[in-house]
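The data block below is entry.txt; it holds compact mmCIF, C-alpha atoms and all ligand atoms.
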# COMPACT_ATOMS: atom_id res chain seq x y z
CA MET A 1 72.66 58.31 -12.89
CA LYS A 2 75.93 56.60 -12.22
CA THR A 3 75.78 54.08 -9.41
CA LEU A 4 78.64 53.23 -7.16
CA VAL A 5 79.45 49.63 -7.88
CA GLU A 6 83.21 49.87 -7.73
CA PRO A 7 84.62 47.46 -5.17
CA THR A 8 85.64 49.04 -1.93
CA LEU A 9 89.35 49.66 -2.07
CA ASN A 10 91.24 48.52 0.96
CA LEU A 11 92.80 51.85 1.67
CA PRO A 12 94.48 52.39 5.00
CA GLU A 13 92.37 54.58 7.22
CA PRO A 14 94.01 57.93 6.59
CA ASN A 15 91.77 59.66 9.04
CA ALA A 16 93.69 61.19 11.86
CA HIS A 17 90.66 61.06 14.10
CA ASN A 18 90.12 58.42 16.73
CA HIS A 19 87.44 56.30 15.17
CA GLN A 20 87.24 53.96 18.16
CA GLN A 21 85.99 56.97 20.05
CA CYS A 22 83.36 57.67 17.36
CA VAL A 23 82.06 54.12 17.64
CA HIS A 24 82.14 54.17 21.40
CA ASP A 25 80.26 57.48 21.57
CA ALA A 26 77.69 56.42 18.99
CA LEU A 27 76.89 53.17 20.76
CA LYS A 28 76.76 54.84 24.17
CA THR A 29 74.42 57.54 22.81
CA ALA A 30 72.21 54.88 21.23
CA GLU A 31 72.00 52.89 24.47
CA HIS A 32 71.25 56.00 26.45
CA LEU A 33 68.57 57.31 24.06
CA CYS A 34 66.84 53.96 23.77
CA SER A 35 66.60 53.45 27.50
CA GLU A 36 65.42 57.05 27.93
CA ARG A 37 62.71 56.49 25.31
CA GLY A 38 61.75 53.09 26.67
CA VAL A 39 62.54 51.31 23.40
CA GLN A 40 64.64 48.18 23.06
CA LEU A 41 68.04 48.22 21.48
CA THR A 42 67.93 44.47 20.82
CA SER A 43 71.11 42.58 20.01
CA ILE A 44 70.39 42.58 16.27
CA ARG A 45 69.71 46.34 16.30
CA HIS A 46 72.90 46.87 18.27
CA GLN A 47 74.89 44.72 15.86
CA VAL A 48 73.53 46.49 12.80
CA LEU A 49 74.35 49.85 14.34
CA GLU A 50 77.86 48.68 15.21
CA LEU A 51 78.41 47.42 11.65
CA ILE A 52 77.21 50.71 10.19
CA TRP A 53 79.70 52.46 12.44
CA GLU A 54 82.63 50.40 11.22
CA SER A 55 83.45 53.43 9.12
CA HIS A 56 81.99 56.71 7.96
CA LYS A 57 81.15 55.17 4.63
CA ALA A 58 77.59 54.67 3.54
CA VAL A 59 76.73 50.97 3.85
CA LYS A 60 74.19 49.09 1.79
CA ALA A 61 71.68 46.70 3.32
CA TYR A 62 73.12 43.65 1.54
CA GLU A 63 76.60 44.48 2.85
CA LEU A 64 75.15 44.54 6.35
CA LEU A 65 73.49 41.21 5.73
CA ASP A 66 76.78 39.71 4.53
CA ARG A 67 78.57 40.89 7.63
CA ILE A 68 75.89 39.89 10.07
CA LYS A 69 75.49 36.34 8.74
CA PRO A 70 78.53 35.00 10.57
CA LEU A 71 77.16 36.51 13.78
CA GLN A 72 73.49 35.65 13.37
CA ASN A 73 73.04 32.75 11.05
CA ALA A 74 69.29 33.16 10.83
CA ALA A 75 69.51 36.80 9.72
CA LYS A 76 67.43 37.53 6.62
CA PRO A 77 67.06 40.70 4.57
CA ALA A 78 63.83 41.45 6.44
CA THR A 79 65.74 41.20 9.73
CA ILE A 80 68.17 43.84 8.54
CA TYR A 81 65.45 46.10 7.15
CA ARG A 82 63.48 45.94 10.37
CA ALA A 83 66.57 46.81 12.39
CA LEU A 84 67.37 49.66 9.98
CA ASP A 85 63.80 51.00 10.19
CA PHE A 86 64.11 51.08 13.94
CA LEU A 87 67.51 52.80 13.89
CA ILE A 88 66.29 55.37 11.37
CA ALA A 89 63.10 56.05 13.33
CA GLN A 90 65.24 56.63 16.43
CA GLY A 91 67.47 59.01 14.49
CA LEU A 92 70.55 56.85 15.07
CA VAL A 93 71.09 56.18 11.39
CA HIS A 94 70.39 58.21 8.26
CA ARG A 95 69.34 56.86 4.92
CA VAL A 96 71.45 58.17 2.05
CA GLU A 97 68.72 58.14 -0.57
CA SER A 98 70.93 58.74 -3.58
CA LEU A 99 73.07 55.69 -2.74
CA ASN A 100 70.32 53.61 -1.19
CA ALA A 101 72.68 53.16 1.73
CA PHE A 102 72.97 54.01 5.40
CA VAL A 103 75.28 55.98 7.61
CA GLY A 104 75.51 56.43 11.37
CA CYS A 105 74.35 59.75 12.76
CA ARG A 106 76.82 61.73 14.83
CA CYS A 107 74.29 63.96 16.51
CA SER A 108 71.36 61.69 17.23
CA GLY A 109 70.74 63.36 20.59
CA HIS A 110 68.56 65.97 18.93
CA GLN A 111 66.19 66.31 16.00
CA HIS A 112 67.94 67.78 13.03
CA GLU A 113 67.98 68.20 9.30
CA GLN A 114 71.05 67.15 7.40
CA LEU A 115 73.31 68.22 4.68
CA LEU A 116 75.09 65.04 3.57
CA LEU A 117 78.37 65.48 1.72
CA ILE A 118 78.99 62.24 -0.11
CA CYS A 119 82.47 61.48 -1.43
CA LYS A 120 82.27 59.53 -4.67
CA GLN A 121 85.80 58.23 -4.22
CA CYS A 122 85.99 56.92 -0.66
CA GLU A 123 82.21 56.86 -0.14
CA GLU A 124 82.51 58.56 3.20
CA VAL A 125 79.59 60.71 4.15
CA GLU A 126 80.04 63.84 6.18
CA GLU A 127 76.98 65.06 7.96
CA ARG A 128 76.51 68.73 8.59
CA THR A 129 73.52 70.35 10.23
CA ALA A 130 73.93 73.44 8.01
CA GLY A 131 71.35 75.53 9.82
CA LYS A 132 71.59 78.49 7.45
CA VAL A 133 71.19 76.34 4.35
CA MET A 134 68.20 74.58 5.84
CA GLN A 135 66.61 77.89 6.83
CA ALA A 136 67.09 79.24 3.33
CA LEU A 137 65.58 76.07 1.87
CA ALA A 138 62.60 76.25 4.18
CA GLU A 139 62.03 79.79 2.95
CA GLU A 140 62.18 78.61 -0.67
CA PHE A 141 59.67 75.86 0.06
CA ARG A 142 57.38 78.35 1.75
CA GLN A 143 57.47 80.66 -1.25
CA ALA A 144 56.82 77.76 -3.60
CA GLY A 145 54.01 76.47 -1.42
CA PHE A 146 55.89 73.19 -1.37
CA THR A 147 55.68 70.67 1.44
CA ALA A 148 59.06 68.95 1.66
CA HIS A 149 59.07 65.39 2.95
CA SER A 150 62.75 64.57 2.95
CA LYS A 151 64.84 66.27 5.55
CA ALA A 152 68.21 65.68 3.96
CA VAL A 153 70.10 67.40 1.19
CA GLU A 154 72.63 65.14 -0.49
CA VAL A 155 75.59 66.50 -2.40
CA HIS A 156 78.06 64.28 -4.29
CA GLY A 157 81.68 65.21 -4.77
CA LEU A 158 85.14 64.73 -3.33
CA CYS A 159 85.96 64.95 0.34
CA ARG A 160 88.86 66.98 1.62
CA ARG A 161 91.22 64.01 1.69
CA CYS A 162 90.30 62.62 -1.72
CA ALA A 163 90.61 66.08 -3.21
CA GLY A 164 94.16 66.15 -1.83
CA LEU A 165 93.52 68.94 0.61
CA GLY A 166 94.74 66.87 3.57
CA ASP A 167 93.10 66.41 6.91
CA ALA A 168 91.22 69.18 8.59
ZN ZN A 201 85.08 58.14 13.14
ZN ZN A 202 72.33 63.10 12.03
ZN ZN A 203 86.77 60.84 -0.02
Render the structure in this file as structure tokens.
Amino acid sequence: MKTLVEPTLNLPEPNAHNHQQCVHDALKTAEHLCSERGVQLTSIRHQVLELIWESHKAVKAYELLDRIKPLQNAAKPATIYRALDFLIAQGLVHRVESLNAFVGCRCSGHQHEQLLLICKQCEEVEERTAGKVMQALAEEFRQAGFTAHSKAVEVHGLCRRCAGLGDA
């Protein structure tokens, strides 16, 4: 399998959407959910979440470590992994298994399965709840007598922009 080791190109953000709003909403949701659940969104957890939300790209743990070092000198890989485990358990972040990377969840307010559309060019990940697909899959699993453990379906390809179809 081909891995994505190409350096991240410094492309201008072509997205027409207001990403500041994405980040703002994601952090607000996280704060709200954590206080509702009585769990602590510690400063390191908050920082990791914020770094993941810098873009819609999947981020690898070592990239997070690199970026957090200037903020928290004592940060070690284990620090990052513990923060990631917490964020994943709270449904605030999803693991993109096929890239061994992480992406912020846009709909963490509720339990959901995911269809992850992974662009091999810009590395952005679009999350879709794809209810019908998931229902059909569940039916397949039932027929096969298969107990599925992963809740995400990952598909690699080109996003709308990279395929030259323009913004939505
Ligand atoms: Zn955004
Ligand atoms: Zn999600
Ligand atoms: Zn793309």
Enumerate as a list in words the residues within 10 Å of ligand ZN 201 (chain A), counting all atoms listed in the file.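 Protein and nucleic-acid residues within 10 Å of ligand ZN 201 (chain A): Asn15, Ala16, His17, Asn18, His19, Gln20, Gln21, Cys22, Val23, His24, Asp25, Ala26, Trp53, Glu54, Ser55, His56, Lys57, Gly104 and Arg106 of chain A.
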Fewer than 3 positions away in the same chain doesn't count, so skip those; otherwise give me all residues within 10 Å of stretch 109-123 of chain A, counting only C-alpha atoms, as a PyMOL selection string. chain A and resi 3-4+6+8-9+11+26+29-30+32-33+55-59+90-92+94+96+98-99+103+105-106+126-131+133-134+150-163
Can I get the selected residues back with C-alpha atoms, as a PDB file, in the frame of the given file?
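Generated file (part32.pdb):
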ATOM      1  CA  THR A   3      75.780  54.080  -9.410  1.00  0.00           C
ATOM      2  CA  LEU A   4      78.640  53.230  -7.160  1.00  0.00           C
ATOM      3  CA  GLU A   6      83.210  49.870  -7.730  1.00  0.00           C
ATOM      4  CA  THR A   8      85.640  49.040  -1.930  1.00  0.00           C
ATOM      5  CA  LEU A   9      89.350  49.660  -2.070  1.00  0.00           C
ATOM      6  CA  LEU A  11      92.800  51.850   1.670  1.00  0.00           C
ATOM      7  CA  ALA A  26      77.690  56.420  18.990  1.00  0.00           C
ATOM      8  CA  THR A  29      74.420  57.540  22.810  1.00  0.00           C
ATOM      9  CA  ALA A  30      72.210  54.880  21.230  1.00  0.00           C
ATOM     10  CA  HIS A  32      71.250  56.000  26.450  1.00  0.00           C
ATOM     11  CA  LEU A  33      68.570  57.310  24.060  1.00  0.00           C
ATOM     12  CA  SER A  55      83.450  53.430   9.120  1.00  0.00           C
ATOM     13  CA  HIS A  56      81.990  56.710   7.960  1.00  0.00           C
ATOM     14  CA  LYS A  57      81.150  55.170   4.630  1.00  0.00           C
ATOM     15  CA  ALA A  58      77.590  54.670   3.540  1.00  0.00           C
ATOM     16  CA  VAL A  59      76.730  50.970   3.850  1.00  0.00           C
ATOM     17  CA  GLN A  90      65.240  56.630  16.430  1.00  0.00           C
ATOM     18  CA  GLY A  91      67.470  59.010  14.490  1.00  0.00           C
ATOM     19  CA  LEU A  92      70.550  56.850  15.070  1.00  0.00           C
ATOM     20  CA  HIS A  94      70.390  58.210   8.260  1.00  0.00           C
ATOM     21  CA  VAL A  96      71.450  58.170   2.050  1.00  0.00           C
ATOM     22  CA  SER A  98      70.930  58.740  -3.580  1.00  0.00           C
ATOM     23  CA  LEU A  99      73.070  55.690  -2.740  1.00  0.00           C
ATOM     24  CA  VAL A 103      75.280  55.980   7.610  1.00  0.00           C
ATOM     25  CA  CYS A 105      74.350  59.750  12.760  1.00  0.00           C
ATOM     26  CA  ARG A 106      76.820  61.730  14.830  1.00  0.00           C
ATOM     27  CA  GLU A 126      80.040  63.840   6.180  1.00  0.00           C
ATOM     28  CA  GLU A 127      76.980  65.060   7.960  1.00  0.00           C
ATOM     29  CA  ARG A 128      76.510  68.730   8.590  1.00  0.00           C
ATOM     30  CA  THR A 129      73.520  70.350  10.230  1.00  0.00           C
ATOM     31  CA  ALA A 130      73.930  73.440   8.010  1.00  0.00           C
ATOM     32  CA  GLY A 131      71.350  75.530   9.820  1.00  0.00           C
ATOM     33  CA  VAL A 133      71.190  76.340   4.350  1.00  0.00           C
ATOM     34  CA  MET A 134      68.200  74.580   5.840  1.00  0.00           C
ATOM     35  CA  SER A 150      62.750  64.570   2.950  1.00  0.00           C
ATOM     36  CA  LYS A 151      64.840  66.270   5.550  1.00  0.00           C
ATOM     37  CA  ALA A 152      68.210  65.680   3.960  1.00  0.00           C
ATOM     38  CA  VAL A 153      70.100  67.400   1.190  1.00  0.00           C
ATOM     39  CA  GLU A 154      72.630  65.140  -0.490  1.00  0.00           C
ATOM     40  CA  VAL A 155      75.590  66.500  -2.400  1.00  0.00           C
ATOM     41  CA  HIS A 156      78.060  64.280  -4.290  1.00  0.00           C
ATOM     42  CA  GLY A 157      81.680  65.210  -4.770  1.00  0.00           C
ATOM     43  CA  LEU A 158      85.140  64.730  -3.330  1.00  0.00           C
ATOM     44  CA  CYS A 159      85.960  64.950   0.340  1.00  0.00           C
ATOM     45  CA  ARG A 160      88.860  66.980   1.620  1.00  0.00           C
ATOM     46  CA  ARG A 161      91.220  64.010   1.690  1.00  0.00           C
ATOM     47  CA  CYS A 162      90.300  62.620  -1.720  1.00  0.00           C
ATOM     48  CA  ALA A 163      90.610  66.080  -3.210  1.00  0.00           C
TER      49      ALA A 163
END
Nearest to ligand ZN 203 (chain A) among A:Ile52, A:Leu41, A:Leu165, A:Leu71, with distances taken over all atoms listed in the file: which residue is it? A:Leu165
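Shortest separation to ligand ZN 203 (chain A) among A:Gly145, A:Val125, A:Val39, A:Asp66 occurs at residue A:Val125, atoms counted being all atoms listed in the file.
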Pick from A:Ile44, A:Gly166, A:Phe86, A:Ala148 nearest to A:Gln72, counting only C-alpha atoms: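 Of all the options, A:Ile44 lies closest to A:Gln72.
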Pick from A:Asn73, A:Gly38, A:Phe102, A:Tyr62, whichever lies nearest to ligand ZN 202 (chain A) using only C-alpha atoms and all ligand atoms: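 Once distances to ligand ZN 202 (chain A) are computed over only C-alpha atoms and all ligand atoms, the minimum belongs to A:Phe102.
Minimum atom-to-atom distances from A:Lys69, A:Lys60, A:Arg142, A:Gly164 to ligand ZN 203 (chain A) were compared using only C-alpha atoms and all ligand atoms, and the lowest value belongs to A:Gly164.
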Could you state the separation of atom CA of A:Ala83 and atom CA of A:Asn100 in Å, given to one decimal place?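 Value for the atom CA of A:Ala83-atom CA of A:Asn100 distance: 15.6 Å.
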Between atom CA of A:Leu84 and atom CA of A:Glu97, what is the spacing in Å? 13.6 Å
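Using all atoms listed in the file, the shortest contact distance between A:Leu51 and any of A:Val93, A:Ala144, A:Cys34, A:Ile88 is found at A:Val93.
Take atom CA of A:Glu50 and atom CA of A:Leu27: the distance between them is 7.2 Å.
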